[in-house]
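Enquirer: Have a look at this one before I ask anything.
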Amino acid sequence: MKQKLDKFNNLVEAFESIPTIGKKSALRFAYHLVLNDTFLAMKLSNAIESAVKSIKKCQTCGGLSENEICEICLDEQRDDTKICIVENAKDMFVLEENRLFNGKYFVLDNLEKDSIDRLKNLVQNSVQEIIFALTPSISSDAVILFIEDQLSNTDIIFTKIAQGVPTGVHLENVDMLSLSKAIDLRVKV
């Protein structure tokens, strides 16, 4: 006799819809929360509900914030002469967690007319350099060229993060685009 566990199956499907979570992991999560740790299940449920209700995009940079303007944009200790353009707010977390950048950010997410207008407003003041921290690809290069063109009437220096062969990776495991860039952007020893 097959049991009908619609609510349990819905929970498994909900976990499965999260990127990088497969069927086995989703089943494990659901089983653990429902049968082994209902307190954690309720805590997780409340945390998700609270985050969904209170997190929004920063009106200035497009990062995540609980207010209209995020703490990074409001921080007067940060170097406002540099803006790092990232693909999404998750990329900001990586740079911030590792303390790799002390300037301001701009999140592309979807390159729309209003985002270009926001970027133009952002660079009007004291911005001297825009650093592109985008995943290396032909489409990223096109985005970089588009933004450079949109800001061509400024004196801003445009740079992008270096790319090439990651530390500890054998050349046979490196894609041709990365290897080509590594050769082209070689440095003097």
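Just remember, in the structure tokens the first chain shown is A, the second B, etc., residues are 1-based per chain, and ligands are 1-based in the order shown.
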Produce a table with one row for each residue of segment 20-101 of chain A that has an atom at most 12 Å from any atom of segment 105-121 of chain A, each row naming the nearest atom pair and its distance in Å at one decimal; use only C-alpha atoms; arrange rows by chain and rising residue number; format as a Markdown table.
Expert:
| residue | atom | partner | partner_atom | distance |
| --- | --- | --- | --- | --- |
| A:Lys57 | CA | A:Val107 | CA | 9.6 |
| A:Cys58 | CA | A:Val107 | CA | 9.5 |
| A:Gln59 | CA | A:Arg118 | CA | 8.5 |
| A:Thr60 | CA | A:Arg118 | CA | 6.9 |
| A:Cys61 | CA | A:Phe106 | CA | 4.4 |
| A:Gly62 | CA | A:Val107 | CA | 5.1 |
| A:Gly63 | CA | A:Val107 | CA | 6.2 |
| A:Leu64 | CA | A:Val107 | CA | 9.7 |
| A:Cys70 | CA | A:Tyr105 | CA | 10.5 |
| A:Glu71 | CA | A:Tyr105 | CA | 11.3 |
| A:Ile72 | CA | A:Tyr105 | CA | 8.1 |
| A:Cys73 | CA | A:Tyr105 | CA | 7.8 |
| A:Leu74 | CA | A:Tyr105 | CA | 11.5 |
| A:Asp75 | CA | A:Tyr105 | CA | 11.8 |
| A:Arg78 | CA | A:Tyr105 | CA | 10.4 |
| A:Asp79 | CA | A:Tyr105 | CA | 10.4 |
| A:Asp80 | CA | A:Tyr105 | CA | 9.4 |
| A:Thr81 | CA | A:Tyr105 | CA | 10.9 |
| A:Lys82 | CA | A:Tyr105 | CA | 8.3 |
| A:Ile83 | CA | A:Tyr105 | CA | 5.1 |
| A:Cys84 | CA | A:Tyr105 | CA | 4.7 |
| A:Ile85 | CA | A:Phe106 | CA | 4.7 |
| A:Val86 | CA | A:Val107 | CA | 5.1 |
| A:Glu87 | CA | A:Leu108 | CA | 5.1 |
| A:Asn88 | CA | A:Asp109 | CA | 5.2 |
| A:Ala89 | CA | A:Val107 | CA | 6.3 |
| A:Lys90 | CA | A:Val107 | CA | 9.5 |
| A:Asp91 | CA | A:Val107 | CA | 8.7 |
| A:Met92 | CA | A:Tyr105 | CA | 7.5 |
| A:Phe93 | CA | A:Tyr105 | CA | 10.9 |
| A:Leu95 | CA | A:Tyr105 | CA | 10.2 |
| A:Glu96 | CA | A:Tyr105 | CA | 10.5 |
| A:Phe101 | CA | A:Tyr105 | CA | 9.3 |
Enquirer: Can I get the selected residues back with C-alpha atoms, as a short mmCIF file (atom, residue, chain, number, x, y, z; two decimals), in the first residue's frame?
Expert:
data_model
loop_
_atom_site.label_atom_id
_atom_site.label_comp_id
_atom_site.auth_asym_id
_atom_site.auth_seq_id
_atom_site.Cartn_x
_atom_site.Cartn_y
_atom_site.Cartn_z
CA LYS A 57 17.38 45.83 -3.35
CA CYS A 58 19.38 48.90 -2.41
CA GLN A 59 18.10 51.87 -4.40
CA THR A 60 21.68 53.02 -5.05
CA CYS A 61 23.78 49.95 -5.85
CA GLY A 62 21.23 47.15 -6.29
CA GLY A 63 22.71 45.05 -3.46
CA LEU A 64 20.67 43.54 -0.67
CA CYS A 70 22.36 49.59 2.05
CA GLU A 71 25.02 49.99 4.73
CA ILE A 72 27.84 49.81 2.18
CA CYS A 73 26.47 52.77 0.22
CA LEU A 74 25.96 54.73 3.44
CA ASP A 75 29.42 53.93 4.85
CA ARG A 78 34.56 53.38 2.10
CA ASP A 79 36.50 54.64 -0.90
CA ASP A 80 33.86 56.35 -3.03
CA THR A 81 36.34 56.97 -5.86
CA LYS A 82 36.06 53.30 -6.88
CA ILE A 83 33.01 51.32 -7.95
CA CYS A 84 33.15 47.57 -8.44
CA ILE A 85 30.54 46.33 -10.89
CA VAL A 86 29.37 42.80 -10.10
CA GLU A 87 26.85 40.50 -11.74
CA ASN A 88 24.68 39.96 -8.67
CA ALA A 89 24.48 40.68 -4.96
CA LYS A 90 26.02 37.28 -4.13
CA ASP A 91 29.27 38.50 -5.69
CA MET A 92 29.31 41.40 -3.25
CA PHE A 93 29.18 38.90 -0.37
CA LEU A 95 34.28 40.26 -1.99
CA GLU A 96 33.08 41.59 1.37
CA PHE A 101 37.43 45.62 -1.82
#
Enquirer: Using the chain letters and numbers from this document, which residues of segment 11-145 of chain A does DSSP assign to strand (DSSP E or B), as a PyMOL selection string?
Expert: chain A and resi 56-57+64-65+79-86+103-107+129-133
Enquirer: Identify, on the basis of only C-alpha atoms, every residue whose closest approach to Ala14 of chain A does not exceed 12 Å; exclude the query and any residue fewer than 2 positions from it along the same chain; express the result as a list in words.
Expert: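 That gives Lys7, Phe8, Asn9, Asn10, Leu11, Val12, Glu16, Ser17, Ile18, Pro19, Ile21, Gly22, Lys23, Ser25, Ala26, Leu27, Phe29 and Ala30 of chain A.
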Enquirer: Hey, can you spit out that residue selection with N, CA and C atoms as an mmCIF file, in the first residue's frame?
Expert:
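Final output, selection.cif:
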data_model
loop_
_atom_site.group_PDB
_atom_site.id
_atom_site.type_symbol
_atom_site.label_atom_id
_atom_site.label_comp_id
_atom_site.auth_asym_id
_atom_site.auth_seq_id
_atom_site.Cartn_x
_atom_site.Cartn_y
_atom_site.Cartn_z
ATOM 1 N N LYS A 7 1.978 16.556 1.803
ATOM 2 C CA LYS A 7 2.681 17.666 2.450
ATOM 3 C C LYS A 7 4.186 17.402 2.511
ATOM 4 N N PHE A 8 4.557 16.171 2.802
ATOM 5 C CA PHE A 8 5.970 15.808 2.828
ATOM 6 C C PHE A 8 6.573 15.914 1.425
ATOM 7 N N ASN A 9 5.863 15.391 0.440
ATOM 8 C CA ASN A 9 6.340 15.460 -0.945
ATOM 9 C C ASN A 9 6.444 16.905 -1.441
ATOM 10 N N ASN A 10 5.510 17.767 -1.015
ATOM 11 C CA ASN A 10 5.588 19.186 -1.373
ATOM 12 C C ASN A 10 6.835 19.829 -0.765
ATOM 13 N N LEU A 11 7.184 19.431 0.464
ATOM 14 C CA LEU A 11 8.386 19.958 1.108
ATOM 15 C C LEU A 11 9.634 19.507 0.347
ATOM 16 N N VAL A 12 9.671 18.236 -0.026
ATOM 17 C CA VAL A 12 10.798 17.715 -0.805
ATOM 18 C C VAL A 12 10.914 18.478 -2.119
ATOM 19 N N GLU A 16 13.946 20.771 -3.530
ATOM 20 C CA GLU A 16 14.517 20.404 -4.828
ATOM 21 C C GLU A 16 14.567 21.581 -5.799
ATOM 22 N N SER A 17 13.683 22.546 -5.614
ATOM 23 C CA SER A 17 13.647 23.690 -6.520
ATOM 24 C C SER A 17 14.748 24.707 -6.220
ATOM 25 N N ILE A 18 15.479 24.506 -5.126
ATOM 26 C CA ILE A 18 16.614 25.375 -4.799
ATOM 27 C C ILE A 18 17.790 24.948 -5.680
ATOM 28 N N PRO A 19 18.449 25.922 -6.317
ATOM 29 C CA PRO A 19 19.594 25.563 -7.170
ATOM 30 C C PRO A 19 20.636 24.751 -6.399
ATOM 31 N N ILE A 21 20.401 21.775 -5.249
ATOM 32 C CA ILE A 21 19.843 20.755 -4.349
ATOM 33 C C ILE A 21 19.161 19.694 -5.203
ATOM 34 N N GLY A 22 19.666 18.477 -5.115
ATOM 35 C CA GLY A 22 19.085 17.366 -5.863
ATOM 36 C C GLY A 22 18.036 16.631 -5.057
ATOM 37 N N LYS A 23 17.494 15.584 -5.645
ATOM 38 C CA LYS A 23 16.420 14.796 -5.034
ATOM 39 C C LYS A 23 16.859 14.187 -3.700
ATOM 40 N N SER A 25 19.330 15.074 -1.580
ATOM 41 C CA SER A 25 19.530 16.094 -0.546
ATOM 42 C C SER A 25 18.196 16.663 -0.088
ATOM 43 N N ALA A 26 17.300 16.913 -1.015
ATOM 44 C CA ALA A 26 15.981 17.445 -0.672
ATOM 45 C C ALA A 26 15.234 16.480 0.246
ATOM 46 N N LEU A 27 15.312 15.205 -0.056
ATOM 47 C CA LEU A 27 14.663 14.187 0.765
ATOM 48 C C LEU A 27 15.282 14.144 2.158
ATOM 49 N N PHE A 29 16.896 16.624 3.730
ATOM 50 C CA PHE A 29 16.508 17.845 4.453
ATOM 51 C C PHE A 29 15.098 17.721 5.008
ATOM 52 N N ALA A 30 14.169 17.311 4.143
ATOM 53 C CA ALA A 30 12.767 17.202 4.549
ATOM 54 C C ALA A 30 12.608 16.202 5.680
#
Enquirer: DSSP on the backbone: which residues in segment 25-177 of chain A end up as helix (DSSP H, G or I)? Give the answer as a ChimeraX atom specification.
Expert: /A:25-36,38-54,71-74,89-97,113-123,138-150,171-173,176-177
Enquirer: Enumerate, in order of chain and increasing residue number, the residues of segment 69-140 of chain A with an atom no farther than 7 Å from segment 153-169 of chain A, each with its shortest atom pair and distance in Å to one decimal, counting only C-alpha atoms, as a Markdown table.
Expert:
| residue | atom | partner | partner_atom | distance |
| --- | --- | --- | --- | --- |
| A:Val127 | CA | A:Ile156 | CA | 6.9 |
| A:Gln128 | CA | A:Ile156 | CA | 4.8 |
| A:Glu129 | CA | A:Ile157 | CA | 4.6 |
| A:Ile130 | CA | A:Phe158 | CA | 5.0 |
| A:Ile131 | CA | A:Thr159 | CA | 4.8 |
| A:Phe132 | CA | A:Lys160 | CA | 4.4 |
| A:Ala133 | CA | A:Ile161 | CA | 5.5 |
Enquirer: What does the distance from atom CA of Val52 of chain A to atom CA of Ile69 of chain A come to in Å, to one decimal?
Expert: 17.1 Å
Enquirer: I'd like the interatomic distance between atom CA of Ser139 of chain A and atom CA of Met176 of chain A, to a tenth of an Å.
Expert: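 Between atom CA of Ser139 of chain A and atom CA of Met176 of chain A the gap works out to 16.3 Å.
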